[in-house]
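Asks: This is input_22.cif (mmCIF, C-alpha atoms).
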```cif
data_input
loop_
_atom_site.label_atom_id
_atom_site.label_comp_id
_atom_site.auth_asym_id
_atom_site.auth_seq_id
_atom_site.Cartn_x
_atom_site.Cartn_y
_atom_site.Cartn_z
CA MET A 1 -0.09 3.09 9.09
CA ARG A 2 -3.06 5.42 9.22
CA ARG A 3 -6.37 4.30 10.63
CA PRO A 4 -8.90 7.18 10.44
CA SER A 5 -11.65 5.20 12.13
CA LEU A 6 -9.44 4.55 15.17
CA ASN A 7 -8.88 8.30 15.59
CA LEU A 8 -12.64 8.88 15.35
CA ALA A 9 -13.36 6.16 17.88
CA SER A 10 -10.72 7.53 20.25
CA SER A 11 -12.22 11.01 19.97
CA LEU A 12 -15.73 9.73 20.74
CA LEU A 13 -14.49 7.77 23.73
CA SER A 14 -12.50 10.71 25.10
CA ARG A 15 -15.48 13.05 24.90
CA THR A 16 -17.73 10.54 26.65
CA LEU A 17 -15.24 9.93 29.44
CA ALA A 18 -14.77 13.67 29.91
CA ALA A 19 -18.52 14.18 30.17
CA ALA A 20 -18.81 11.31 32.62
CA SER A 21 -16.12 12.58 34.94
CA SER A 22 -16.90 16.28 35.19
CA PRO A 23 -19.70 17.22 37.70
CA ALA A 24 -20.26 13.98 39.59
CA PRO A 25 -17.26 14.01 41.98
CA ASN A 26 -18.11 17.56 43.09
CA ARG A 27 -21.73 16.55 43.76
CA PHE A 28 -20.58 13.52 45.74
CA LEU A 29 -18.27 15.62 47.93
CA HIS A 30 -20.98 18.24 48.49
CA SER A 31 -23.52 15.58 49.58
CA ALA A 32 -21.07 13.83 51.89
CA LEU A 33 -20.28 17.08 53.73
CA TYR A 34 -23.70 18.74 53.88
CA ARG A 35 -26.42 16.04 53.52
CA THR A 36 -28.72 15.51 56.60
CA THR A 37 -31.28 12.73 56.98
CA THR A 38 -34.97 13.34 57.70
CA THR A 39 -37.86 11.05 58.59
CA GLY A 40 -38.14 8.06 56.35
CA GLY A 41 -34.69 6.87 57.43
CA SER A 42 -33.48 4.02 55.14
CA TYR A 43 -35.84 4.94 52.24
CA ASP A 44 -34.52 8.52 52.11
CA GLN A 45 -30.98 7.20 52.38
CA ARG A 46 -31.51 4.78 49.54
CA ARG A 47 -32.97 7.59 47.45
CA TRP A 48 -29.98 9.75 48.33
CA PHE A 49 -27.46 7.09 47.25
CA SER A 50 -29.50 6.39 44.14
CA SER A 51 -29.36 10.06 43.15
CA LEU A 52 -25.60 10.04 43.67
CA LEU A 53 -25.10 6.94 41.53
CA ARG A 54 -27.33 8.13 38.69
CA PRO A 55 -24.62 10.25 36.91
CA TYR A 56 -22.18 7.32 37.10
CA THR A 57 -24.76 4.91 35.71
CA ALA A 58 -25.48 7.26 32.81
CA ALA A 59 -21.76 7.76 32.22
CA SER A 60 -21.20 3.99 32.17
CA LEU A 61 -23.90 3.58 29.56
CA GLY A 62 -22.35 6.42 27.57
CA VAL A 63 -18.90 4.83 27.72
CA ALA A 64 -20.35 1.47 26.66
CA GLY A 65 -22.12 3.13 23.74
CA ALA A 66 -18.98 4.95 22.67
CA MET A 67 -16.94 1.75 22.89
CA PHE A 68 -19.51 -0.11 20.79
CA THR A 69 -19.43 2.69 18.22
CA ALA A 70 -15.63 2.60 18.16
CA VAL A 71 -15.54 -1.18 17.70
CA ALA A 72 -18.20 -1.04 14.99
CA ALA A 73 -16.44 1.79 13.12
CA THR A 74 -13.10 0.00 13.34
CA SER A 75 -14.68 -3.25 12.13
CA VAL A 76 -16.24 -1.55 9.11
CA TYR A 77 -12.96 0.21 8.24
CA GLN A 78 -10.91 -2.98 8.62
CA GLU A 79 -13.39 -4.88 6.45
CA ALA A 80 -13.09 -2.21 3.75
CA LEU A 81 -9.29 -2.45 3.88
CA ALA A 82 -9.08 -6.23 4.22
CA LYS A 83 -7.03 -8.23 1.75
CA GLU A 84 -8.93 -10.29 -0.80
CA PRO A 85 -7.51 -13.83 -0.71
CA PRO A 86 -8.91 -16.44 -3.11
CA PRO A 87 -10.92 -19.39 -1.77
CA PRO A 88 -8.58 -21.90 -0.08
CA GLU A 89 -9.27 -24.54 -2.73
CA ALA A 90 -8.22 -22.10 -5.49
CA ILE A 91 -4.80 -21.22 -4.03
CA PRO A 92 -2.02 -22.75 -6.18
CA ASN A 93 0.37 -25.22 -4.59
CA ASP A 94 3.51 -23.70 -6.06
CA VAL A 95 4.04 -20.15 -7.33
CA VAL A 96 7.53 -18.97 -8.34
CA LEU A 97 8.35 -15.45 -9.50
CA TYR A 98 11.52 -14.84 -11.54
CA GLN A 99 12.34 -11.18 -11.12
CA TYR A 100 14.69 -8.24 -10.67
CA GLU A 101 14.04 -6.70 -7.26
CA ALA A 102 13.90 -3.14 -8.60
CA CYS A 103 11.90 -3.94 -11.77
CA PRO A 104 8.60 -1.96 -11.79
CA PHE A 105 6.77 -4.66 -13.77
CA CYS A 106 7.93 -7.35 -11.32
CA ASN A 107 6.75 -5.22 -8.43
CA LYS A 108 3.38 -4.83 -10.12
CA VAL A 109 2.96 -8.63 -10.02
CA LYS A 110 4.15 -8.75 -6.41
CA ALA A 111 1.61 -6.11 -5.37
CA TYR A 112 -1.13 -8.30 -6.87
CA LEU A 113 0.11 -11.45 -5.14
CA ASP A 114 0.57 -9.67 -1.80
CA TYR A 115 -2.88 -8.05 -1.88
CA HIS A 116 -4.57 -11.35 -2.66
CA ASP A 117 -2.41 -13.16 -0.08
CA ILE A 118 -1.15 -15.72 -2.59
CA PRO A 119 2.06 -17.33 -1.26
CA TYR A 120 4.97 -17.22 -3.71
CA LYS A 121 8.69 -17.91 -3.90
CA VAL A 122 11.14 -15.53 -5.54
CA VAL A 123 14.10 -16.34 -7.76
CA GLU A 124 16.28 -13.25 -8.20
CA VAL A 125 17.63 -13.20 -11.75
CA ASN A 126 21.16 -11.97 -12.39
CA PRO A 127 20.69 -9.28 -15.08
CA LEU A 128 24.17 -9.88 -16.47
CA SER A 129 24.09 -13.65 -17.03
CA LYS A 130 20.35 -14.39 -16.70
CA LYS A 131 21.40 -17.93 -15.84
CA GLU A 132 18.32 -18.39 -13.65
CA ILE A 133 16.04 -18.23 -16.73
CA LYS A 134 18.26 -20.04 -19.25
CA TRP A 135 15.57 -22.73 -19.37
CA SER A 136 13.02 -20.26 -20.81
CA GLU A 137 12.71 -19.10 -24.42
CA TYR A 138 11.20 -15.90 -23.02
CA GLN A 139 14.17 -13.96 -21.66
CA LYS A 140 12.48 -11.06 -19.89
CA VAL A 141 11.15 -10.67 -16.36
CA PRO A 142 8.76 -11.09 -14.72
CA ILE A 143 8.12 -14.75 -15.37
CA LEU A 144 5.60 -16.44 -13.07
CA VAL A 145 5.39 -20.22 -12.87
CA VAL A 146 2.10 -21.40 -11.35
CA ASP A 147 1.94 -25.13 -10.62
CA GLY A 148 4.27 -25.73 -13.56
CA ASP A 149 2.55 -23.36 -16.02
CA GLN A 150 4.70 -20.45 -17.25
CA LEU A 151 3.10 -17.01 -17.47
CA ASN A 152 4.90 -14.05 -19.09
CA ASP A 153 4.42 -10.26 -19.12
CA SER A 154 3.13 -8.51 -16.01
CA SER A 155 -0.33 -7.45 -17.26
CA ALA A 156 -0.98 -10.82 -18.92
CA ILE A 157 0.17 -12.60 -15.74
CA ILE A 158 -2.31 -10.62 -13.64
CA ASP A 159 -5.18 -11.20 -16.08
CA LYS A 160 -4.55 -14.95 -16.25
CA LEU A 161 -4.22 -15.24 -12.46
CA GLY A 162 -7.50 -13.39 -12.05
CA GLN A 163 -9.27 -15.74 -14.42
CA LYS A 164 -7.66 -18.90 -13.07
CA ILE A 165 -7.63 -18.26 -9.33
CA LEU A 166 -10.22 -15.58 -8.64
CA SER A 167 -12.62 -16.44 -11.49
CA LYS A 168 -12.61 -12.81 -12.61
CA LYS A 169 -13.39 -11.93 -16.21
CA LYS A 170 -11.09 -9.55 -18.03
CA ALA A 171 -12.52 -6.01 -18.03
CA ASP A 172 -13.68 -4.35 -21.26
CA GLU A 173 -11.12 -2.33 -23.20
CA ASP A 174 -13.08 0.89 -22.57
CA ASP A 175 -13.42 0.22 -18.84
CA GLU A 176 -11.91 2.82 -16.48
CA GLU A 177 -9.76 0.20 -14.79
CA THR A 178 -8.36 -1.01 -18.14
CA LYS A 179 -7.68 2.53 -19.30
CA TRP A 180 -5.55 3.32 -16.25
CA ARG A 181 -3.73 -0.01 -16.37
CA ARG A 182 -2.66 0.88 -19.92
CA TRP A 183 -1.62 4.32 -18.68
CA VAL A 184 0.70 2.66 -16.15
CA ASP A 185 2.36 0.48 -18.82
CA ASN A 186 2.50 3.10 -21.57
CA HIS A 187 3.28 6.26 -19.61
CA LEU A 188 3.98 6.04 -15.87
CA VAL A 189 6.80 3.48 -16.08
CA HIS A 190 8.58 5.57 -18.72
CA VAL A 191 8.96 8.60 -16.43
CA LEU A 192 10.60 6.55 -13.67
CA SER A 193 14.04 5.80 -15.16
CA PRO A 194 14.82 9.43 -16.12
CA ASN A 195 14.04 10.35 -12.50
CA ILE A 196 15.94 7.66 -10.59
CA TYR A 197 19.00 8.04 -12.87
CA ARG A 198 18.63 11.82 -13.19
CA ASN A 199 22.18 12.59 -12.02
CA ALA A 200 25.24 10.70 -10.79
CA THR A 201 24.18 10.83 -7.13
CA GLU A 202 20.69 9.47 -7.75
CA ALA A 203 21.99 6.86 -10.20
CA LEU A 204 24.41 5.56 -7.55
CA GLU A 205 21.62 5.59 -4.93
CA SER A 206 19.42 3.51 -7.25
CA PHE A 207 22.16 1.00 -8.02
CA ASP A 208 23.07 0.72 -4.36
CA TYR A 209 19.48 -0.44 -3.81
CA ILE A 210 19.62 -2.73 -6.86
CA THR A 211 22.89 -4.41 -5.91
CA SER A 212 21.88 -4.72 -2.24
CA ASN A 213 18.71 -6.60 -3.18
CA GLY A 214 19.77 -8.28 -6.40
CA ASN A 215 21.47 -11.56 -7.19
CA PHE A 216 25.12 -10.54 -7.53
CA SER A 217 28.44 -11.90 -6.40
CA TYR A 218 30.69 -9.66 -4.32
CA THR A 219 32.78 -8.62 -7.33
CA GLU A 220 29.69 -8.15 -9.49
CA LYS A 221 28.14 -5.83 -6.90
CA PHE A 222 31.06 -3.42 -7.15
CA SER A 223 31.29 -3.41 -10.94
CA VAL A 224 27.52 -3.32 -11.49
CA LYS A 225 27.00 -0.48 -9.03
CA TYR A 226 29.42 1.93 -10.70
CA ALA A 227 29.37 0.73 -14.30
CA GLY A 228 25.59 0.25 -14.19
CA ALA A 229 24.97 3.66 -12.67
CA ALA A 230 27.10 5.33 -15.34
CA ALA A 231 25.43 3.36 -18.14
CA MET A 232 21.88 4.04 -16.91
CA TYR A 233 22.64 7.72 -16.50
CA PHE A 234 23.24 7.92 -20.25
CA VAL A 235 20.35 5.56 -21.05
CA SER A 236 18.01 7.82 -19.06
CA LYS A 237 19.03 10.74 -21.26
CA LYS A 238 18.01 8.73 -24.34
CA LEU A 239 14.71 7.82 -22.67
CA LYS A 240 14.06 11.49 -21.98
CA LYS A 241 14.44 12.24 -25.66
CA LYS A 242 12.41 9.19 -26.76
CA TYR A 243 9.44 10.06 -24.55
CA ASN A 244 9.76 13.83 -25.00
CA ILE A 245 10.57 14.52 -21.35
CA THR A 246 12.17 17.91 -20.78
CA ASP A 247 12.01 18.10 -16.96
CA GLU A 248 12.24 14.76 -15.18
CA ARG A 249 10.72 15.80 -11.86
CA ALA A 250 7.97 17.83 -13.51
CA SER A 251 6.96 14.78 -15.55
CA LEU A 252 6.90 12.61 -12.41
CA TYR A 253 4.86 15.16 -10.45
CA GLU A 254 2.47 15.57 -13.36
CA ALA A 255 1.95 11.81 -13.54
CA ALA A 256 1.29 11.63 -9.78
CA GLU A 257 -1.22 14.49 -9.96
CA THR A 258 -2.91 12.92 -13.00
CA TRP A 259 -3.46 9.77 -10.96
CA VAL A 260 -4.85 11.67 -7.96
CA ASP A 261 -7.23 13.54 -10.29
CA ALA A 262 -8.41 10.18 -11.64
CA LEU A 263 -9.34 9.11 -8.11
CA ASN A 264 -11.82 12.01 -8.06
CA GLY A 265 -12.11 12.02 -4.27
CA ARG A 266 -12.38 8.24 -3.92
CA GLU A 267 -10.24 6.24 -1.51
CA PHE A 268 -9.11 4.10 -4.45
CA LEU A 269 -9.87 4.03 -8.15
CA GLY A 270 -11.85 0.89 -7.32
CA GLY A 271 -13.92 2.81 -4.72
CA SER A 272 -13.72 1.42 -1.20
CA LYS A 273 -11.25 -1.28 -2.31
CA PRO A 274 -8.30 -1.17 -4.73
CA ASN A 275 -8.78 -2.47 -8.23
CA LEU A 276 -6.13 -3.69 -10.69
CA ALA A 277 -5.23 -0.13 -11.70
CA ASP A 278 -4.59 0.83 -8.05
CA LEU A 279 -2.37 -2.22 -7.63
CA ALA A 280 -0.51 -1.45 -10.87
CA VAL A 281 0.28 2.16 -9.91
CA PHE A 282 1.28 1.14 -6.40
CA GLY A 283 3.42 -1.72 -7.68
CA VAL A 284 5.50 0.31 -10.12
CA LEU A 285 6.01 3.13 -7.60
CA ARG A 286 6.99 0.86 -4.72
CA PRO A 287 10.66 0.39 -5.76
CA ILE A 288 11.24 4.16 -5.94
CA ARG A 289 9.11 5.33 -3.00
CA TYR A 290 12.02 5.68 -0.57
CA LEU A 291 14.62 6.79 -3.09
CA ARG A 292 15.18 10.51 -3.60
CA ALA A 293 12.78 10.63 -6.55
CA GLY A 294 9.99 8.94 -4.60
CA LYS A 295 10.46 11.16 -1.56
CA ASP A 296 10.31 14.26 -3.77
CA MET A 297 7.16 12.94 -5.46
CA VAL A 298 5.35 12.47 -2.14
CA GLU A 299 6.56 15.83 -0.84
CA HIS A 300 5.51 17.84 -3.89
CA THR A 301 2.27 16.13 -4.95
CA ARG A 302 -0.97 14.90 -3.40
CA ILE A 303 -0.25 11.21 -3.94
CA GLY A 304 1.06 10.50 -0.44
CA GLU A 305 -2.28 9.80 1.26
CA TRP A 306 -3.38 7.35 -1.43
CA TYR A 307 0.03 5.64 -1.33
CA THR A 308 -0.20 5.25 2.47
CA ARG A 309 -3.66 3.72 2.14
CA MET A 310 -2.29 1.28 -0.42
CA GLU A 311 0.63 0.34 1.83
CA SER A 312 -1.89 -0.38 4.56
CA VAL A 313 -4.28 -2.47 2.48
CA VAL A 314 -1.62 -4.46 0.59
CA GLY A 315 0.00 -5.15 3.94
CA GLU A 316 2.72 -7.66 4.60
CA SER A 317 4.25 -9.57 1.72
CA SER A 318 2.97 -13.10 1.11
CA ARG A 319 6.42 -14.07 -0.18
CA ILE A 320 7.74 -17.36 1.17
CA LYS A 321 11.17 -16.79 2.65
CA ALA A 322 13.81 -19.23 1.47
#
```
What would you get if you wrote out this structure as structure tokens?
Replies:
Amino acid sequence: MRRPSLNLASSLLSRTLAAASSPAPNRFLHSALYRTTTTGGSYDQRRWFSSLLRPYTAASLGVAGAMFTAVAATSVYQEALAKEPPPPEAIPNDVVLYQYEACPFCNKVKAYLDYHDIPYKVVEVNPLSKKEIKWSEYQKVPILVVDGDQLNDSSAIIDKLGQKILSKKKADEDDEETKWRRWVDNHLVHVLSPNIYRNATEALESFDYITSNGNFSYTEKFSVKYAGAAAMYFVSKKLKKKYNITDERASLYEAAETWVDALNGREFLGGSKPNLADLAVFGVLRPIRYLRAGKDMVEHTRIGEWYTRMESVVGESSRIKA
């Protein structure tokens, strides 16, 4: 977790301590060995000790000033990167997310809940039987149930939560934040599958993650891992054709660079704090970040620093462990 202000504070403190410690010991030793008293006795002696202590007094003040600067800088940085929880009275009593662990849209909702520190439970849906959502006419994930009210579709879920819990109005259609949220749903998510199922090795890596975190029986894990990896390998080829992707990695790198360009030098698209577009991009990339595709993306594009900042500000999950 990177904390630039802590490095700055440490640097300031080190320089001050170095300045405080340099000439004074030599002057003290020189005075102790060669100083002789003259008339005036105790007054001259007091003046002598006062002159010896002066560098240490100045150094102490310098250290105190540097420490105050460090604390102030750290406080400002931490405030800028603090989570944004809703008022206590607005926090729902019961929030349940029905999801697939590796689903980018589900992770988009989780990024929002985590950043706003809204406690939630997770029900992992078996993608083969979907028995966990048999009760719902809507048979896709994510589904979020908030105090008994069912919310569907990741972007609609986030908008309704913002209005209900945070009292935030939906942004205009031409707003920068809205534009990039649409880009996530209409473009970024479509370059992910061709990358994580690019070849047999990466497809198996992806399904190893999926079966390790998903809701599968022991026998299902084995069959889903190998049959699913093979099936998604061929599906990814169809997706490449559908979305006119010729080079999977190039399309992923281009998307990452497009996002960094949109930041235009800002810490986040939202400025000093993430907005909904930041949370959307981070959410859909989170399931692939430590797979081969995600590692390649960070290595070959400029997105790594922004992603690390997002990891820091979103922080620990607010998920309630069963």
Asks: What do you get, as a PDB file with C-alpha atoms, in the frame of the given file, if you spell out every residue that the PyMOL selection byres ((chain A and resi 104-120) around 8) selects here?
Replies:
```
ATOM      1  CA  LYS A  83      -7.030  -8.230   1.750  1.00  0.00           C
ATOM      2  CA  GLU A  84      -8.930 -10.290  -0.800  1.00  0.00           C
ATOM      3  CA  PRO A  85      -7.510 -13.830  -0.710  1.00  0.00           C
ATOM      4  CA  PRO A  86      -8.910 -16.440  -3.110  1.00  0.00           C
ATOM      5  CA  ILE A  91      -4.800 -21.220  -4.030  1.00  0.00           C
ATOM      6  CA  PRO A  92      -2.020 -22.750  -6.180  1.00  0.00           C
ATOM      7  CA  ASP A  94       3.510 -23.700  -6.060  1.00  0.00           C
ATOM      8  CA  VAL A  95       4.040 -20.150  -7.330  1.00  0.00           C
ATOM      9  CA  VAL A  96       7.530 -18.970  -8.340  1.00  0.00           C
ATOM     10  CA  LEU A  97       8.350 -15.450  -9.500  1.00  0.00           C
ATOM     11  CA  GLN A  99      12.340 -11.180 -11.120  1.00  0.00           C
ATOM     12  CA  TYR A 100      14.690  -8.240 -10.670  1.00  0.00           C
ATOM     13  CA  GLU A 101      14.040  -6.700  -7.260  1.00  0.00           C
ATOM     14  CA  ALA A 102      13.900  -3.140  -8.600  1.00  0.00           C
ATOM     15  CA  CYS A 103      11.900  -3.940 -11.770  1.00  0.00           C
ATOM     16  CA  LYS A 121       8.690 -17.910  -3.900  1.00  0.00           C
ATOM     17  CA  VAL A 122      11.140 -15.530  -5.540  1.00  0.00           C
ATOM     18  CA  VAL A 141      11.150 -10.670 -16.360  1.00  0.00           C
ATOM     19  CA  PRO A 142       8.760 -11.090 -14.720  1.00  0.00           C
ATOM     20  CA  SER A 154       3.130  -8.510 -16.010  1.00  0.00           C
ATOM     21  CA  ILE A 157       0.170 -12.600 -15.740  1.00  0.00           C
ATOM     22  CA  ILE A 158      -2.310 -10.620 -13.640  1.00  0.00           C
ATOM     23  CA  VAL A 189       6.800   3.480 -16.080  1.00  0.00           C
ATOM     24  CA  LEU A 276      -6.130  -3.690 -10.690  1.00  0.00           C
ATOM     25  CA  LEU A 279      -2.370  -2.220  -7.630  1.00  0.00           C
ATOM     26  CA  ALA A 280      -0.510  -1.450 -10.870  1.00  0.00           C
ATOM     27  CA  VAL A 281       0.280   2.160  -9.910  1.00  0.00           C
ATOM     28  CA  PHE A 282       1.280   1.140  -6.400  1.00  0.00           C
ATOM     29  CA  GLY A 283       3.420  -1.720  -7.680  1.00  0.00           C
ATOM     30  CA  VAL A 284       5.500   0.310 -10.120  1.00  0.00           C
ATOM     31  CA  LEU A 285       6.010   3.130  -7.600  1.00  0.00           C
ATOM     32  CA  ARG A 286       6.990   0.860  -4.720  1.00  0.00           C
ATOM     33  CA  PRO A 287      10.660   0.390  -5.760  1.00  0.00           C
ATOM     34  CA  VAL A 313      -4.280  -2.470   2.480  1.00  0.00           C
ATOM     35  CA  VAL A 314      -1.620  -4.460   0.590  1.00  0.00           C
ATOM     36  CA  GLY A 315       0.000  -5.150   3.940  1.00  0.00           C
ATOM     37  CA  GLU A 316       2.720  -7.660   4.600  1.00  0.00           C
ATOM     38  CA  SER A 317       4.250  -9.570   1.720  1.00  0.00           C
ATOM     39  CA  SER A 318       2.970 -13.100   1.110  1.00  0.00           C
ATOM     40  CA  ARG A 319       6.420 -14.070  -0.180  1.00  0.00           C
ATOM     41  CA  ILE A 320       7.740 -17.360   1.170  1.00  0.00           C
TER      42      ILE A 320
END
```
Asks: Got a sec to resolve the PyMOL selection byres ((chain A and resi 126-131) around 8) on this structure and send the residues as a list of chain:residue names?
Replies: A:Tyr100, A:Glu124, A:Val125, A:Glu132, A:Ile133, A:Lys134, A:Gln139, A:Gly214, A:Asn215, A:Phe216
Asks: Using only C-alpha atoms, can you tell me which of A:Asn244, A:Thr211, A:Ser251, A:Ser167 comes closest to Met297 (chain A)?
Replies: A:Ser251
Asks: Would you compute the distance between CA of Glu89 (chain A) and CA of Ile165 (chain A)? Give it in Å to one decimal.
Replies: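 We find that CA of Glu89 (chain A) and CA of Ile165 (chain A) lie 9.3 Å from each other.
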Asks: Apply the PyMOL selection byres ((chain A and resi 178) around 12) to the displayed file and report the matching residues as a list in words.
Replies: Ser155, Asp159, Lys170, Ala171, Asp172, Glu173, Asp174, Asp175, Glu176, Glu177, Lys179, Trp180, Arg181, Arg182, Trp183, Val184, Asp185, Leu269, Gly270, Asn275, Leu276, Ala277, Asp278 and Ala280 of chain A
Asks: Residues of the last selection are to be written out with C-alpha atoms, as an mmCIF file, keeping the file's coordinate frame.
Replies:
```cif
data_model
loop_
_atom_site.group_PDB
_atom_site.id
_atom_site.type_symbol
_atom_site.label_atom_id
_atom_site.label_comp_id
_atom_site.auth_asym_id
_atom_site.auth_seq_id
_atom_site.Cartn_x
_atom_site.Cartn_y
_atom_site.Cartn_z
ATOM 1 C CA SER A 155 -0.330 -7.450 -17.260
ATOM 2 C CA ASP A 159 -5.180 -11.200 -16.080
ATOM 3 C CA LYS A 170 -11.090 -9.550 -18.030
ATOM 4 C CA ALA A 171 -12.520 -6.010 -18.030
ATOM 5 C CA ASP A 172 -13.680 -4.350 -21.260
ATOM 6 C CA GLU A 173 -11.120 -2.330 -23.200
ATOM 7 C CA ASP A 174 -13.080 0.890 -22.570
ATOM 8 C CA ASP A 175 -13.420 0.220 -18.840
ATOM 9 C CA GLU A 176 -11.910 2.820 -16.480
ATOM 10 C CA GLU A 177 -9.760 0.200 -14.790
ATOM 11 C CA LYS A 179 -7.680 2.530 -19.300
ATOM 12 C CA TRP A 180 -5.550 3.320 -16.250
ATOM 13 C CA ARG A 181 -3.730 -0.010 -16.370
ATOM 14 C CA ARG A 182 -2.660 0.880 -19.920
ATOM 15 C CA TRP A 183 -1.620 4.320 -18.680
ATOM 16 C CA VAL A 184 0.700 2.660 -16.150
ATOM 17 C CA ASP A 185 2.360 0.480 -18.820
ATOM 18 C CA LEU A 269 -9.870 4.030 -8.150
ATOM 19 C CA GLY A 270 -11.850 0.890 -7.320
ATOM 20 C CA ASN A 275 -8.780 -2.470 -8.230
ATOM 21 C CA LEU A 276 -6.130 -3.690 -10.690
ATOM 22 C CA ALA A 277 -5.230 -0.130 -11.700
ATOM 23 C CA ASP A 278 -4.590 0.830 -8.050
ATOM 24 C CA ALA A 280 -0.510 -1.450 -10.870
#
```
